[in-house]
$ cat protein.txt   # compact mmCIF, C-alpha atoms and all ligand atoms
# COMPACT_ATOMS: atom_id res chain seq x y z
CA MET A 1 22.76 42.78 39.29
CA GLU A 2 24.46 39.57 40.33
CA ASN A 3 22.28 36.57 41.06
CA LEU A 4 23.71 35.71 44.43
CA LYS A 5 20.84 33.47 45.52
CA GLU A 6 22.20 30.58 43.50
CA PHE A 7 25.40 30.70 45.52
CA ASN A 8 23.73 31.16 48.87
CA PRO A 9 20.07 32.12 49.35
CA TYR A 10 21.08 34.21 52.37
CA LEU A 11 23.14 36.63 50.24
CA SER A 12 21.35 39.61 48.75
CA TYR A 13 21.63 43.26 47.84
CA LYS A 14 19.37 45.65 49.68
CA GLY A 15 19.49 49.16 48.27
CA GLY A 16 22.78 48.33 46.53
CA THR A 17 24.43 47.03 49.72
CA LEU A 18 25.45 43.42 50.21
CA TYR A 19 23.72 41.58 53.05
CA ILE A 20 24.40 38.17 54.50
CA GLU A 21 21.20 37.06 56.20
CA GLY A 22 19.93 40.23 57.93
CA VAL A 23 23.34 41.84 58.38
CA SER A 24 25.10 44.43 56.23
CA VAL A 25 28.50 43.16 55.10
CA GLY A 26 29.85 46.72 54.89
CA GLU A 27 28.96 47.33 58.53
CA LEU A 28 30.79 44.17 59.59
CA ALA A 29 33.86 45.31 57.67
CA GLU A 30 33.73 48.75 59.35
CA ARG A 31 33.36 47.21 62.76
CA PHE A 32 35.85 44.32 62.54
CA GLY A 33 38.23 45.37 59.78
CA THR A 34 39.38 43.49 56.70
CA PRO A 35 40.23 40.92 55.49
CA LEU A 36 37.28 39.29 57.23
CA TYR A 37 35.64 35.91 56.92
CA VAL A 38 31.85 36.02 57.35
CA TYR A 39 29.65 32.91 57.51
CA SER A 40 25.91 32.30 57.41
CA ALA A 41 24.77 29.86 60.09
CA SER A 42 21.37 29.34 58.49
CA TYR A 43 23.03 28.14 55.30
CA ILE A 44 25.07 25.56 57.23
CA ARG A 45 21.94 24.34 59.02
CA ASP A 46 20.07 23.99 55.73
CA ARG A 47 22.87 21.98 54.19
CA VAL A 48 23.14 19.47 57.04
CA ARG A 49 19.35 19.11 56.98
CA ALA A 50 19.43 18.53 53.21
CA TYR A 51 21.82 15.63 53.76
CA TYR A 52 19.60 14.10 56.44
CA GLU A 53 16.51 14.53 54.25
CA ALA A 54 18.24 12.75 51.36
CA PHE A 55 19.72 10.06 53.60
CA PRO A 56 17.35 9.35 56.50
CA GLY A 57 18.88 7.10 59.15
CA SER A 58 22.42 7.98 58.10
CA LEU A 59 25.15 9.71 60.09
CA VAL A 60 26.41 12.91 58.49
CA CYS A 61 29.95 13.54 59.72
CA TYR A 62 30.93 17.09 58.83
CA ALA A 63 34.52 17.09 57.49
CA VAL A 64 36.20 19.41 59.96
CA LYS A 65 39.17 20.17 57.72
CA ALA A 66 36.96 22.29 55.47
CA ASN A 67 36.54 24.77 58.32
CA PHE A 68 37.66 23.83 61.81
CA ASN A 69 36.25 26.76 63.76
CA PRO A 70 34.50 25.10 66.74
CA GLU A 71 31.54 27.48 66.41
CA ILE A 72 31.04 26.40 62.79
CA ILE A 73 31.29 22.76 63.90
CA ARG A 74 28.76 23.52 66.64
CA VAL A 75 26.18 24.78 64.14
CA ALA A 76 26.52 21.58 62.08
CA GLY A 77 26.38 19.52 65.28
CA GLU A 78 23.17 21.22 66.39
CA GLU A 79 21.58 19.82 63.23
CA GLY A 80 22.72 16.33 64.18
CA ALA A 81 26.06 16.18 62.39
CA GLY A 82 29.01 14.21 63.69
CA ALA A 83 32.58 14.94 62.63
CA ASP A 84 35.06 13.52 60.17
CA ILE A 85 38.56 14.30 61.42
CA VAL A 86 42.07 13.84 60.06
CA SER A 87 44.20 14.77 63.10
CA GLY A 88 44.32 14.96 66.87
CA GLY A 89 43.81 18.71 66.64
CA GLU A 90 40.62 18.30 64.66
CA LEU A 91 39.35 15.82 67.25
CA LEU A 92 39.76 18.43 69.98
CA PHE A 93 38.14 21.14 67.83
CA ALA A 94 35.18 18.83 67.11
CA LEU A 95 34.74 18.04 70.81
CA LYS A 96 35.05 21.74 71.62
CA GLY A 97 32.27 22.31 69.09
CA GLY A 98 30.07 19.95 71.07
CA ILE A 99 30.25 16.87 68.83
CA PRO A 100 29.84 13.70 70.89
CA PRO A 101 32.88 11.39 70.46
CA GLU A 102 30.65 8.51 69.39
CA LYS A 103 29.85 10.51 66.24
CA VAL A 104 33.48 11.03 65.23
CA VAL A 105 35.25 9.13 62.42
CA TYR A 106 38.97 9.47 61.92
CA ALA A 107 40.74 9.14 58.53
CA GLY A 108 44.24 10.09 57.39
CA VAL A 109 47.30 8.23 56.09
CA GLY A 110 49.64 9.42 58.86
CA LYS A 111 48.08 9.04 62.28
CA THR A 112 50.67 9.25 65.09
CA GLU A 113 50.57 7.05 68.18
CA LYS A 114 49.77 10.12 70.26
CA GLU A 115 46.80 10.93 68.03
CA ILE A 116 45.60 7.32 68.13
CA GLU A 117 45.81 7.32 71.93
CA LEU A 118 43.85 10.55 72.14
CA ALA A 119 41.11 9.19 69.88
CA LEU A 120 40.90 5.90 71.81
CA GLU A 121 40.75 7.70 75.14
CA ARG A 122 37.94 9.95 73.93
CA GLY A 123 36.07 6.95 72.50
CA ILE A 124 35.48 7.88 68.87
CA LEU A 125 33.13 5.86 66.67
CA MET A 126 35.82 4.47 64.37
CA PHE A 127 39.19 4.81 62.70
CA ASN A 128 39.28 4.67 58.92
CA VAL A 129 42.44 2.65 58.43
CA GLU A 130 44.59 3.49 55.43
CA SER A 131 47.43 0.91 55.53
CA GLU A 132 48.45 -2.48 56.90
CA GLU A 133 51.06 -1.00 59.20
CA GLU A 134 48.49 1.39 60.68
CA LEU A 135 46.27 -1.59 61.49
CA TYR A 136 49.00 -3.23 63.60
CA ILE A 137 49.92 0.02 65.34
CA LEU A 138 46.26 0.59 66.18
CA ASP A 139 46.08 -2.88 67.71
CA THR A 140 49.25 -2.26 69.74
CA VAL A 141 48.18 1.15 71.03
CA ALA A 142 44.68 -0.13 71.85
CA SER A 143 46.14 -3.07 73.71
CA LYS A 144 48.34 -0.73 75.77
CA LEU A 145 45.26 1.29 76.74
CA LYS A 146 43.17 -1.87 77.25
CA LYS A 147 40.68 -0.66 74.68
CA LYS A 148 39.20 -1.93 71.46
CA ALA A 149 39.63 0.14 68.34
CA ARG A 150 36.63 0.08 66.04
CA ILE A 151 37.83 0.30 62.47
CA SER A 152 36.74 0.53 58.88
CA ILE A 153 39.16 -0.14 56.07
CA ARG A 154 39.53 2.77 53.67
CA VAL A 155 39.19 1.29 50.21
CA ASN A 156 40.56 2.97 47.16
CA PRO A 157 37.98 2.07 44.53
CA ASP A 158 40.09 3.38 41.62
CA VAL A 159 37.51 5.73 40.16
CA ASP A 160 38.18 9.04 38.49
CA PRO A 161 36.23 11.82 40.23
CA LYS A 162 36.93 14.24 37.34
CA THR A 163 38.24 16.97 39.57
CA HIS A 164 41.54 18.80 40.10
CA PRO A 165 44.37 16.19 40.36
CA TYR A 166 45.46 17.55 43.77
CA ILE A 167 42.06 16.71 45.25
CA ALA A 168 41.42 13.37 43.51
CA THR A 169 41.96 10.78 46.24
CA GLY A 170 40.38 7.56 44.95
CA LEU A 171 42.71 6.69 42.08
CA LYS A 172 45.08 3.73 42.24
CA LYS A 173 48.12 6.00 42.19
CA SER A 174 46.99 8.13 45.16
CA LYS A 175 48.41 7.69 48.66
CA PHE A 176 44.98 7.15 50.21
CA GLY A 177 43.34 3.89 51.24
CA VAL A 178 44.14 0.39 50.01
CA ASP A 179 43.12 -1.47 46.85
CA ILE A 180 40.06 -3.69 47.02
CA GLU A 181 42.12 -6.88 47.01
CA LYS A 182 44.33 -5.55 49.78
CA ALA A 183 41.20 -4.66 51.77
CA ARG A 184 40.06 -8.29 51.68
CA GLU A 185 43.46 -9.36 52.94
CA LEU A 186 43.41 -6.75 55.75
CA PHE A 187 40.02 -7.97 56.90
CA ARG A 188 41.33 -11.51 57.21
CA ARG A 189 44.38 -10.29 59.12
CA ALA A 190 42.43 -7.97 61.38
CA LYS A 191 40.19 -10.85 62.47
CA ASP A 192 43.05 -12.20 64.59
CA LEU A 193 43.91 -8.89 66.22
CA LYS A 194 42.46 -8.86 69.73
CA ASN A 195 42.09 -5.13 70.13
CA ILE A 196 40.56 -4.44 66.75
CA GLU A 197 36.84 -4.54 66.05
CA LEU A 198 35.99 -4.51 62.34
CA VAL A 199 32.87 -2.47 61.76
CA GLY A 200 32.81 -1.28 58.18
CA LEU A 201 34.14 0.01 54.91
CA HIS A 202 35.16 3.52 53.98
CA CYS A 203 36.02 5.38 50.82
CA HIS A 204 36.50 9.03 49.88
CA ILE A 205 37.18 9.55 46.21
CA GLY A 206 38.00 13.24 46.05
CA SER A 207 36.72 16.75 46.42
CA GLN A 208 34.78 19.32 44.38
CA ILE A 209 33.05 16.53 42.42
CA LEU A 210 30.34 18.05 40.26
CA GLU A 211 28.93 14.84 38.76
CA VAL A 212 27.49 12.04 40.83
CA SER A 213 28.45 9.17 38.48
CA PRO A 214 31.86 8.58 40.12
CA TYR A 215 30.00 8.02 43.43
CA SER A 216 27.78 5.46 41.79
CA GLU A 217 30.84 3.65 40.48
CA ALA A 218 32.64 3.74 43.82
CA VAL A 219 29.69 2.64 45.93
CA LYS A 220 28.94 -0.19 43.51
CA LYS A 221 32.45 -1.53 44.10
CA LEU A 222 32.15 -1.00 47.85
CA ALA A 223 28.83 -2.86 47.94
CA GLU A 224 30.28 -5.82 46.05
CA LEU A 225 33.13 -6.03 48.53
CA TRP A 226 30.64 -5.68 51.40
CA ARG A 227 28.59 -8.63 50.12
CA ASP A 228 31.72 -10.77 49.71
CA LEU A 229 32.80 -9.96 53.26
CA LEU A 230 29.35 -10.87 54.62
CA ARG A 231 29.66 -14.23 52.88
CA GLU A 232 33.00 -14.72 54.59
CA GLY A 233 31.27 -14.22 57.92
CA PHE A 234 32.24 -10.63 58.76
CA GLU A 235 29.61 -8.58 60.52
CA LEU A 236 29.74 -5.07 59.16
CA ARG A 237 27.69 -2.10 60.29
CA TYR A 238 28.93 1.11 58.71
CA MET A 239 29.41 1.99 55.10
CA ASP A 240 31.17 5.33 54.95
CA VAL A 241 31.05 6.78 51.44
CA GLY A 242 33.10 9.89 52.24
CA GLY A 243 32.48 13.46 51.15
CA GLY A 244 33.52 15.46 48.16
CA LEU A 245 30.28 16.74 46.67
CA GLY A 246 31.16 19.83 44.64
CA ILE A 247 29.76 23.34 45.00
CA LYS A 248 29.04 26.27 42.78
CA TYR A 249 32.10 28.49 42.37
CA ARG A 250 31.34 29.91 38.92
CA PRO A 251 28.06 31.55 37.97
CA GLU A 252 27.59 28.82 35.33
CA ASP A 253 28.30 25.88 37.69
CA LYS A 254 25.41 23.64 38.62
CA GLU A 255 25.97 22.01 41.96
CA PRO A 256 24.71 18.49 42.67
CA THR A 257 22.41 18.17 45.69
CA PRO A 258 22.47 15.52 48.42
CA LYS A 259 19.32 14.17 46.73
CA ASP A 260 21.24 13.70 43.46
CA LEU A 261 23.90 11.87 45.44
CA ALA A 262 21.29 9.65 47.07
CA LYS A 263 19.87 8.73 43.66
CA ALA A 264 23.33 7.67 42.52
CA VAL A 265 24.33 5.54 45.49
CA LYS A 266 21.13 4.06 46.94
CA PRO A 267 20.40 1.56 44.13
CA HIS A 268 23.66 -0.23 44.98
CA LEU A 269 22.74 -0.64 48.62
CA GLU A 270 19.42 -2.41 48.25
CA GLY A 271 19.00 -5.33 50.61
CA LEU A 272 22.02 -4.35 52.70
CA GLU A 273 21.52 -3.66 56.36
CA LEU A 274 23.84 -0.86 57.26
CA THR A 275 24.23 2.62 58.62
CA LEU A 276 25.43 4.91 55.89
CA ILE A 277 27.99 7.55 56.86
CA LEU A 278 28.61 10.66 54.76
CA GLU A 279 31.49 13.08 55.23
CA PRO A 280 30.61 16.35 53.49
CA GLY A 281 32.85 19.33 54.14
CA ARG A 282 32.85 21.77 51.25
CA SER A 283 29.17 21.23 50.43
CA VAL A 284 28.19 22.17 54.01
CA VAL A 285 30.30 25.30 54.55
CA GLY A 286 31.73 26.36 51.17
CA ASN A 287 28.99 28.70 50.09
CA ALA A 288 28.15 29.64 53.68
CA GLY A 289 31.16 31.93 53.73
CA ILE A 290 32.57 35.03 52.07
CA LEU A 291 35.91 36.73 52.41
CA VAL A 292 35.54 40.50 52.65
CA THR A 293 38.51 42.50 51.46
CA ARG A 294 39.28 46.18 50.89
CA VAL A 295 40.85 47.66 47.77
CA LEU A 296 44.25 49.15 48.62
CA PHE A 297 45.33 50.37 45.18
CA VAL A 298 44.34 50.23 41.55
CA LYS A 299 47.48 49.89 39.51
CA GLU A 300 47.62 50.41 35.77
CA LYS A 301 50.31 48.75 33.73
CA GLU A 302 50.74 48.93 30.00
CA ARG A 303 48.45 46.02 29.18
CA LYS A 304 46.95 45.17 32.49
CA ARG A 305 45.07 46.57 35.38
CA PHE A 306 45.64 45.22 38.88
CA ILE A 307 43.22 45.65 41.74
CA ILE A 308 45.38 45.24 44.81
CA VAL A 309 43.37 44.17 47.84
CA ASP A 310 44.22 43.52 51.49
CA ALA A 311 43.48 39.76 51.32
CA GLY A 312 46.24 37.57 49.98
CA MET A 313 47.09 33.97 49.27
CA ASN A 314 47.88 33.53 52.95
CA ASP A 315 44.18 34.22 53.67
CA LEU A 316 42.70 32.26 50.73
CA ILE A 317 45.12 30.00 48.92
CA ARG A 318 42.75 28.12 46.61
CA PRO A 319 43.31 30.31 43.52
CA SER A 320 47.09 29.98 43.94
CA ILE A 321 47.32 26.22 44.42
CA TYR A 322 44.33 24.87 42.48
CA ASP A 323 43.94 27.70 40.00
CA ALA A 324 40.49 27.90 41.56
CA TYR A 325 37.85 30.38 40.48
CA HIS A 326 36.12 32.44 43.18
CA HIS A 327 33.37 34.79 42.18
CA ILE A 328 33.96 38.35 43.40
CA VAL A 329 31.24 40.95 43.89
CA PRO A 330 31.19 44.53 45.20
CA VAL A 331 29.92 45.12 48.73
CA GLU A 332 28.47 48.46 47.61
CA ASP A 333 27.03 48.16 44.12
CA LYS A 334 27.23 51.73 42.85
CA GLY A 335 25.87 50.74 39.47
CA GLU A 336 29.03 51.86 37.66
CA GLY A 337 30.56 50.37 34.54
CA TYR A 338 32.77 47.34 34.30
CA THR A 339 36.51 46.91 34.22
CA ILE A 340 38.71 43.91 33.45
CA ALA A 341 41.48 43.33 35.95
CA ASP A 342 43.50 40.89 38.01
CA VAL A 343 42.54 40.96 41.67
CA VAL A 344 45.75 40.40 43.58
CA GLY A 345 46.92 40.41 47.19
CA PRO A 346 49.87 42.11 48.87
CA ILE A 347 52.02 38.94 49.11
CA CYS A 348 55.39 38.88 47.38
CA GLU A 349 54.56 36.02 44.99
CA THR A 350 53.30 36.21 41.42
CA GLY A 351 51.00 33.32 42.40
CA ASP A 352 49.23 35.60 44.88
CA PHE A 353 45.97 36.33 43.11
CA LEU A 354 42.26 35.98 43.79
CA ALA A 355 41.11 36.46 40.18
CA LYS A 356 42.69 36.75 36.75
CA ASP A 357 41.38 38.88 33.87
CA ARG A 358 38.10 39.23 35.69
CA ARG A 359 35.20 41.40 34.58
CA LEU A 360 34.23 43.38 37.66
CA LYS A 361 32.35 46.51 38.56
CA GLU A 362 34.69 49.50 38.56
CA VAL A 363 36.34 49.97 41.97
CA ARG A 364 38.66 52.44 43.61
CA ARG A 365 40.83 52.65 46.71
CA GLY A 366 38.81 52.00 49.85
CA ASP A 367 36.01 50.01 48.20
CA LEU A 368 35.04 46.63 49.62
CA LEU A 369 34.84 43.38 47.66
CA ALA A 370 33.31 40.06 48.71
CA VAL A 371 35.00 36.87 47.55
CA LEU A 372 32.26 34.23 47.40
CA SER A 373 32.33 30.51 48.20
CA ALA A 374 35.12 31.06 50.74
CA GLY A 375 33.67 29.10 53.69
CA ALA A 376 35.54 25.87 52.95
CA TYR A 377 39.34 25.53 52.68
CA GLY A 378 39.61 29.27 53.20
CA PHE A 379 40.54 30.08 56.78
CA SER A 380 41.47 26.44 57.39
CA MET A 381 44.28 26.67 54.81
CA SER A 382 45.41 30.15 55.83
CA SER A 383 48.92 30.92 57.05
CA HIS A 384 51.15 33.66 58.40
CA TYR A 385 53.15 33.92 55.19
CA ASN A 386 54.71 37.37 54.82
CA GLY A 387 54.23 37.93 58.55
CA ARG A 388 50.51 38.47 58.23
CA PRO A 389 48.09 37.97 61.11
CA ARG A 390 45.17 35.81 60.01
CA PRO A 391 41.70 37.38 59.59
CA ALA A 392 38.87 37.46 62.08
CA GLU A 393 35.84 35.22 61.55
CA VAL A 394 32.24 36.34 62.10
CA LEU A 395 29.18 34.10 62.26
CA VAL A 396 25.85 35.60 61.23
CA GLU A 397 22.41 34.22 61.97
CA GLY A 398 19.29 36.22 61.17
CA ASP A 399 19.89 39.79 62.32
CA SER A 400 22.60 38.91 64.82
CA TYR A 401 26.28 38.19 64.51
CA ARG A 402 29.27 37.41 66.65
CA VAL A 403 33.01 37.09 66.31
CA ILE A 404 33.99 33.43 66.43
CA ARG A 405 37.70 34.09 66.02
CA ARG A 406 39.51 37.30 66.83
CA ARG A 407 41.84 38.85 64.31
CA GLU A 408 45.36 37.75 65.13
CA THR A 409 47.94 40.19 66.39
CA TYR A 410 51.65 40.46 65.67
CA GLU A 411 52.32 39.43 69.26
CA TYR A 412 50.40 36.21 68.68
CA ILE A 413 52.44 35.33 65.60
CA LEU A 414 55.72 36.15 67.31
CA TYR A 415 54.64 34.14 70.36
CA GLU A 416 56.77 36.44 72.43
CA LYS A 417 55.98 34.98 75.83
CA ASP A 418 56.55 31.53 77.29
CA TYR A 419 59.29 30.04 75.16
C1 LIG B 1 38.59 16.08 52.86
C2 LIG B 1 37.80 14.90 53.23
C3 LIG B 1 36.41 14.95 53.24
C4 LIG B 1 35.62 16.17 52.85
O1 LIG B 1 35.74 16.50 51.51
P1 LIG B 1 34.83 17.69 50.92
O2 LIG B 1 35.24 17.76 49.51
O3 LIG B 1 35.14 18.91 51.68
O4 LIG B 1 33.40 17.26 51.08
C5 LIG B 1 35.73 13.82 53.64
N1 LIG B 1 36.39 12.69 53.99
C6 LIG B 1 37.72 12.60 53.99
C7 LIG B 1 38.37 11.35 54.42
C8 LIG B 1 38.49 13.70 53.62
O5 LIG B 1 39.82 13.62 53.61
$ encode --input "protein.txt" --output "structure tokens" --more "lines below"
Ligand SMILES: *Cc1c(COP(=O)(O)O)cnc(C)c1O
Amino acid sequence: MENLKEFNPYLSYKGGTLYIEGVSVGELAERFGTPLYVYSASYIRDRVRAYYEAFPGSLVCYAVKANFNPEIIRVAGEEGAGADIVSGGELLFALKGGIPPEKVVYAGVGKTEKEIELALERGILMFNVESEEELYILDTVASKLKKKARISIRVNPDVDPKTHPYIATGLKKSKFGVDIEKARELFRRAKDLKNIELVGLHCHIGSQILEVSPYSEAVKKLAELWRDLLREGFELRYMDVGGGLGIKYRPEDKEPTPKDLAKAVKPHLEGLELTLILEPGRSVVGNAGILVTRVLFVKEKERKRFIIVDAGMNDLIRPSIYDAYHHIVPVEDKGEGYTIADVVGPICETGDFLAKDRRLKEVRRGDLLAVLSAGAYGFSMSSHYNGRPRPAEVLVEGDSYRVIRRRETYEYILYEKDY
């Protein structure tokens, strides 16, 4: 039988039935329908705690874009997490999830004036500034509101995180952050801006990073810049090293732990007085969640077998856009033989698949499958493509569970009233 513990210690088979914590996944599917996202709260708590154990005295800002459900954010917040946001919407979701504004950091290359105003009014900890123009706009908007904007400059350390090119963000050619030399220049310029308070440095080099050496490289560069800036008389407080720690998607993957990350970055920070900020998203919620889907049809073609399920690329787009692997297991393990098949959704796109040429336990119409590692960039990247209401989300803790987002209805998508 599958070794699920390595993905998430709260997943197990009891008498051939998949459980998440103390709750039967099959029962949740019967009760709430499919496709269905199910998350383990205990797993999220453990992950935030693991970050705080590896980095005592730091601020762990959960990256809301990985999963913006306020009840998920709330669980992370209960363990002391702040929030890393990339839009005005995410700020409101974070606040709704109980995160105090003074624990919120705000990155993103395209902040609008409206979003900046909102963040200033709510009093977030800092903006991670990604361009010179943004710096001036921040100063202007802050001046209008008679506020000071605390900022860090997002530095692009030009390191290769060895991940999918779409989620590598710290290379020179990427749109994110500014080069180290440009960062020095921005610090000098920002000194004269009356409504800007310089408080730190930020970087975020990418996502799904399975080796910690790129972090070591990036933080080394950040620390050098930090020391130079201190010599120039700047008083810095926060070093924000971003998120991006990878998770186990394949049975053979070995995921780095927050402790491994600490070992890679701490040597570069010796002697520096600072508050470290981390922004993990995927590594907090990724393996907390599964996507439960029901087999609609098994279709045989000349050379291929297709398992057609009721979850599509609109529910989980990672396989389609990153060619990502998600492990898939049966909800009821009937101990049958194996088949090799593509697991595909109902969407009218050839790119709509969850697995290709996958070895799976034999299934038939009506059976349930669980797509693992679906807690991050699953629901948060979902859409209505093909006119499909988005799935419900259920949060499990111990033996209890509750719906944290209702399944959408056609009426909701059509938005029939009020416009
Ligand atoms: C996406 C993002 C994160 C989180 O990345 P993960 O890979 O989910 O840990 C952190 N910081 C910033 C600025 C981001 O854009």
$ atom_distance --input "protein.txt" --atom1 "CA of Thr140 in chain A" --atom2 "CA of Ala190 in chain A"
12.2 Å
$ closest_residue --input "protein.txt" --among "A:Ala94, A:Ile321, A:Ala218, A:Leu278" --to "Ala54 in chain A" --atoms "all atoms listed in the file"
A:Leu278
$ residues_near_ligand --input "protein.txt" --ligand "ligand LIG 1 (chain B)" --cutoff "7 Å" --atoms "all atoms listed in the file" --output "list in words"
Ala63, Lys65, Ala66, Asp84, Val86, Ala107, Gly108, His204, Gly206, Ser207, Gln208, Gly242, Gly243, Gly244, Leu245, Gly246, Glu279, Pro280, Gly281, Arg282 and Ser283 of chain A
$ atom_distance --input "protein.txt" --atom1 "CA of Ile308 in chain A" --atom2 "CA of Glu393 in chain A"
21.7 Å
$ residues_around --input "protein.txt" --residues "Gly89 in chain A" --least-positions-apart "5" --cutoff "12 Å" --atoms "all atoms listed in the file" --output "PDB file with C-alpha atoms, in the frame of the given file"
ATOM      1  CA  VAL A  64      36.200  19.410  59.960  1.00  0.00           C
ATOM      2  CA  LYS A  65      39.170  20.170  57.720  1.00  0.00           C
ATOM      3  CA  PHE A  68      37.660  23.830  61.810  1.00  0.00           C
ATOM      4  CA  ASN A  69      36.250  26.760  63.760  1.00  0.00           C
ATOM      5  CA  PRO A  70      34.500  25.100  66.740  1.00  0.00           C
ATOM      6  CA  ALA A  94      35.180  18.830  67.110  1.00  0.00           C
ATOM      7  CA  LEU A  95      34.740  18.040  70.810  1.00  0.00           C
ATOM      8  CA  LYS A  96      35.050  21.740  71.620  1.00  0.00           C
ATOM      9  CA  TYR A 106      38.970   9.470  61.920  1.00  0.00           C
ATOM     10  CA  LYS A 111      48.080   9.040  62.280  1.00  0.00           C
ATOM     11  CA  THR A 112      50.670   9.250  65.090  1.00  0.00           C
ATOM     12  CA  LYS A 114      49.770  10.120  70.260  1.00  0.00           C
ATOM     13  CA  GLU A 115      46.800  10.930  68.030  1.00  0.00           C
ATOM     14  CA  ILE A 116      45.600   7.320  68.130  1.00  0.00           C
ATOM     15  CA  LEU A 118      43.850  10.550  72.140  1.00  0.00           C
ATOM     16  CA  ALA A 119      41.110   9.190  69.880  1.00  0.00           C
TER      17      ALA A 119
END
$ closest_residue --input "protein.txt" --among "A:Glu273, A:Pro258, A:Ile205, A:Ile340" --to "Arg227 in chain A" --atoms "all atoms listed in the file"
A:Glu273
$ residues_around --input "protein.txt" --residues "Val394 in chain A" --least-positions-apart "6" --cutoff "6 Å" --atoms "only C-alpha atoms" --output "PyMOL selection string"
chain A and resi 38+402-404
$ residues_around --input "protein.txt" --residues "Tyr52 in chain A" --least-positions-apart "6" --cutoff "10 Å" --atoms "all atoms listed in the file" --output "PDB file with C-alpha atoms, in the coordinates of the input"
ATOM      1  CA  ASP A  46      20.070  23.990  55.730  1.00  0.00           C
ATOM      2  CA  SER A  58      22.420   7.980  58.100  1.00  0.00           C
ATOM      3  CA  LEU A  59      25.150   9.710  60.090  1.00  0.00           C
ATOM      4  CA  VAL A  60      26.410  12.910  58.490  1.00  0.00           C
ATOM      5  CA  GLU A  79      21.580  19.820  63.230  1.00  0.00           C
ATOM      6  CA  GLY A  80      22.720  16.330  64.180  1.00  0.00           C
ATOM      7  CA  ALA A  81      26.060  16.180  62.390  1.00  0.00           C
ATOM      8  CA  PRO A 258      22.470  15.520  48.420  1.00  0.00           C
ATOM      9  CA  LYS A 259      19.320  14.170  46.730  1.00  0.00           C
ATOM     10  CA  LEU A 278      28.610  10.660  54.760  1.00  0.00           C
TER      11      LEU A 278
END
$ atom_distance --input "protein.txt" --atom1 "CA of Leu360 in chain A" --atom2 "CA of Val292 in chain A"
15.3 Å
$ closest_residue --input "protein.txt" --among "A:Ile99, A:Val23, A:Val298, A:Ala392" --to "Val344 in chain A" --atoms "all atoms listed in the file"
A:Val298
$ residues_around --input "protein.txt" --residues "Cys203 in chain A" --least-positions-apart "2" --cutoff "9 Å" --atoms "all atoms listed in the file" --output "JSON, numbers by chain"
{"A": [128, 153, 154, 155, 156, 157, 170, 177, 201, 205, 218, 219, 222, 239, 240, 241, 242, 243]}
$ residues_around --input "protein.txt" --residues "Glu336 in chain A" --least-positions-apart "6" --cutoff "12 Å" --atoms "only C-alpha atoms" --output "mmCIF file with C-alpha atoms, keeping the file's coordinate frame"
data_model
loop_
_atom_site.group_PDB
_atom_site.id
_atom_site.type_symbol
_atom_site.label_atom_id
_atom_site.label_comp_id
_atom_site.auth_asym_id
_atom_site.auth_seq_id
_atom_site.Cartn_x
_atom_site.Cartn_y
_atom_site.Cartn_z
ATOM 1 C CA MET A 1 22.760 42.780 39.290
ATOM 2 C CA GLY A 16 22.780 48.330 46.530
ATOM 3 C CA PRO A 330 31.190 44.530 45.200
ATOM 4 C CA LEU A 360 34.230 43.380 37.660
ATOM 5 C CA LYS A 361 32.350 46.510 38.560
ATOM 6 C CA GLU A 362 34.690 49.500 38.560
ATOM 7 C CA VAL A 363 36.340 49.970 41.970
ATOM 8 C CA ARG A 364 38.660 52.440 43.610
#
$ closest_residue --input "protein.txt" --among "A:Gly33, A:Gly345, A:Pro319, A:Gly97" --to "Asn67 in chain A" --atoms "only C-alpha atoms"
A:Gly97
$ closest_residue --input "protein.txt" --among "A:Ser373, A:Gly286, A:Ile85, A:Met381" --to "Val329 in chain A" --atoms "all atoms listed in the file"
A:Ser373
$ closest_residue --input "protein.txt" --among "A:Lys14, A:Lys144, A:Arg150, A:Lys173" --to "Ile124 in chain A" --atoms "all atoms listed in the file"
A:Arg150
$ closest_atom_pairs --input "protein.txt" --of "range 233-342 of chain A" --to "range 17-20 of chain A" --cutoff "7 Å" --atoms "all atoms listed in the file" --output "JSON lines"
{"residue": "A:Val331", "atom": "CA", "partner": "A:Leu18", "partner_atom": "CA", "distance": 5.0}
{"residue": "A:Glu332", "atom": "CA", "partner": "A:Thr17", "partner_atom": "CA", "distance": 4.8}
{"residue": "A:Asp333", "atom": "CA", "partner": "A:Thr17", "partner_atom": "CA", "distance": 6.3}
